[in-house]
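*Asks:* I am attaching a structure below and will ask some questions about it afterwards.
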Amino acid sequence: MNKKPNLLLAEHKLLIDSPVERVFDFLANHENYARWYPNVLSVVSGNPLPHGQVGKFYEEAIRLPTRRVQKIRIAVVESRPPELFVTEGEFPPLHPRMEVRLSPQPSGATLLHWQFFSRSQSAIGRRMIPLLLGKNLLRDTRTGLARMKSMVEDER
């Protein structure tokens, strides 16, 4: 059986007036996610590995669109400081994957390219997930990234 490619659900690019190392450090500490991403209630480190290291995992509590609270295990699966940070979650049927790519700019700012995917291999899931989460995910992404930008820029 051929593996289907990840399904892109949300994508956003954003210029942050802060050095790429600072942006990476903020994002790679996934506990910060609860500070800026809507409906993420808490993120707690699940092992003693340093933030941003492959194998680091977190227990994340999120409020679903149904208002139910769900705990999800999130693991760092790829990390190349200060340019790439990737996490994947254990939450069927969504099977979330977040990819953050950072590029330093000549001005000293950072261009952030944020993508959120589903790794679902189910044909039904691949049709239903965008319908059920699409609008909320796009709205939450815009809101959350604007908050994160403000937090990182305020730390200067």
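Following the order of the structure tokens, first chain is A, next is B, and so on, with residues numbered from 1 inside each chain and ligands from 1 in the order they appear.
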Counting only C-alpha atoms, what is within 10 Å of Leu102 (chain A), bar same-chain residues fewer than 6 positions away, as a PDB file with C-alpha atoms, in the first residue's frame?
*Replies:*
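The resulting selection_29.pdb:
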```pdb
ATOM      1  CA  LYS A  13       3.895  33.238   6.438  1.00  0.00           C
ATOM      2  CA  LEU A  14       4.799  36.001   8.844  1.00  0.00           C
ATOM      3  CA  LEU A  15       7.655  38.462   9.265  1.00  0.00           C
ATOM      4  CA  ILE A  16       8.808  38.743  12.884  1.00  0.00           C
ATOM      5  CA  PRO A  19      16.522  37.410  15.211  1.00  0.00           C
ATOM      6  CA  VAL A  20      15.975  33.881  13.927  1.00  0.00           C
ATOM      7  CA  GLU A  21      17.683  32.290  16.956  1.00  0.00           C
ATOM      8  CA  VAL A  23      12.239  33.004  17.327  1.00  0.00           C
ATOM      9  CA  PHE A  24      13.461  29.409  17.137  1.00  0.00           C
ATOM     10  CA  PRO A  81      18.160  25.014  14.876  1.00  0.00           C
ATOM     11  CA  PRO A  82      17.518  27.747  13.981  1.00  0.00           C
ATOM     12  CA  GLU A  83      15.743  26.914  10.721  1.00  0.00           C
ATOM     13  CA  LEU A  84      13.344  23.980  11.205  1.00  0.00           C
ATOM     14  CA  PHE A  85      11.102  22.700  14.004  1.00  0.00           C
ATOM     15  CA  THR A 110      12.832  36.404  10.682  1.00  0.00           C
ATOM     16  CA  LEU A 111      10.471  35.055   8.031  1.00  0.00           C
ATOM     17  CA  LEU A 112       8.339  32.319   9.578  1.00  0.00           C
ATOM     18  CA  HIS A 113       6.623  29.747   7.352  1.00  0.00           C
ATOM     19  CA  TRP A 114       4.097  27.757   9.429  1.00  0.00           C
TER      20      TRP A 114
END
```
*Asks:* CA of Pro92 (chain A) and CA of Phe26 (chain A), how far apart in Å?
*Replies:*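 So the two atoms, CA of Phe26 (chain A) and CA of Pro92 (chain A), lie 27.5 Å apart.
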*Asks:* Given only C-alpha atoms, how would the per-residue table for region 1-37 of chain A near region 56-75 of chain A read, listing every residue at most 10 Å away with its closest atom pair and distance in Å to one decimal, sorted by chain and number, as a Markdown table?
*Replies:*
```
| residue | atom | partner | partner_atom | distance |
| --- | --- | --- | --- | --- |
| A:Asn29 | CA | A:Lys56 | CA | 10.0 |
| A:His30 | CA | A:Tyr58 | CA | 7.6 |
| A:Glu31 | CA | A:Tyr58 | CA | 7.8 |
| A:Tyr33 | CA | A:Glu60 | CA | 9.1 |
| A:Ala34 | CA | A:Glu60 | CA | 8.3 |
| A:Tyr37 | CA | A:Ile62 | CA | 9.8 |
```
*Asks:* Convert the current residue selection to file output with N, CA and C atoms, as a PDB file, in the first residue's frame.
*Replies:*
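Dumped to part01.pdb:
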```
ATOM      1  N   ASN A  29      10.565  25.701  22.457  1.00  0.00           N
ATOM      2  CA  ASN A  29      10.047  25.420  23.795  1.00  0.00           C
ATOM      3  C   ASN A  29       8.535  25.291  23.624  1.00  0.00           C
ATOM      4  N   HIS A  30       8.098  24.092  23.315  1.00  0.00           N
ATOM      5  CA  HIS A  30       6.687  23.881  22.960  1.00  0.00           C
ATOM      6  C   HIS A  30       5.741  24.194  24.120  1.00  0.00           C
ATOM      7  N   GLU A  31       6.263  24.308  25.340  1.00  0.00           N
ATOM      8  CA  GLU A  31       5.399  24.725  26.443  1.00  0.00           C
ATOM      9  C   GLU A  31       4.844  26.127  26.189  1.00  0.00           C
ATOM     10  N   TYR A  33       3.562  27.132  23.530  1.00  0.00           N
ATOM     11  CA  TYR A  33       2.413  26.994  22.628  1.00  0.00           C
ATOM     12  C   TYR A  33       1.101  27.347  23.333  1.00  0.00           C
ATOM     13  N   ALA A  34       0.983  26.946  24.591  1.00  0.00           N
ATOM     14  CA  ALA A  34      -0.234  27.240  25.353  1.00  0.00           C
ATOM     15  C   ALA A  34      -0.397  28.732  25.619  1.00  0.00           C
ATOM     16  N   TYR A  37      -1.343  29.909  21.279  1.00  0.00           N
ATOM     17  CA  TYR A  37      -2.250  29.280  20.314  1.00  0.00           C
ATOM     18  C   TYR A  37      -3.628  29.077  20.932  1.00  0.00           C
TER      19      TYR A  37
END
```
*Asks:* Name the closest residue to Ala28 (chain A) among the candidates A:Arg139, A:Arg97, A:His51, A:Arg126; distances are taken between atoms, counting only C-alpha atoms.
*Replies:*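 Smallest distance to Ala28 (chain A) is found for A:His51.
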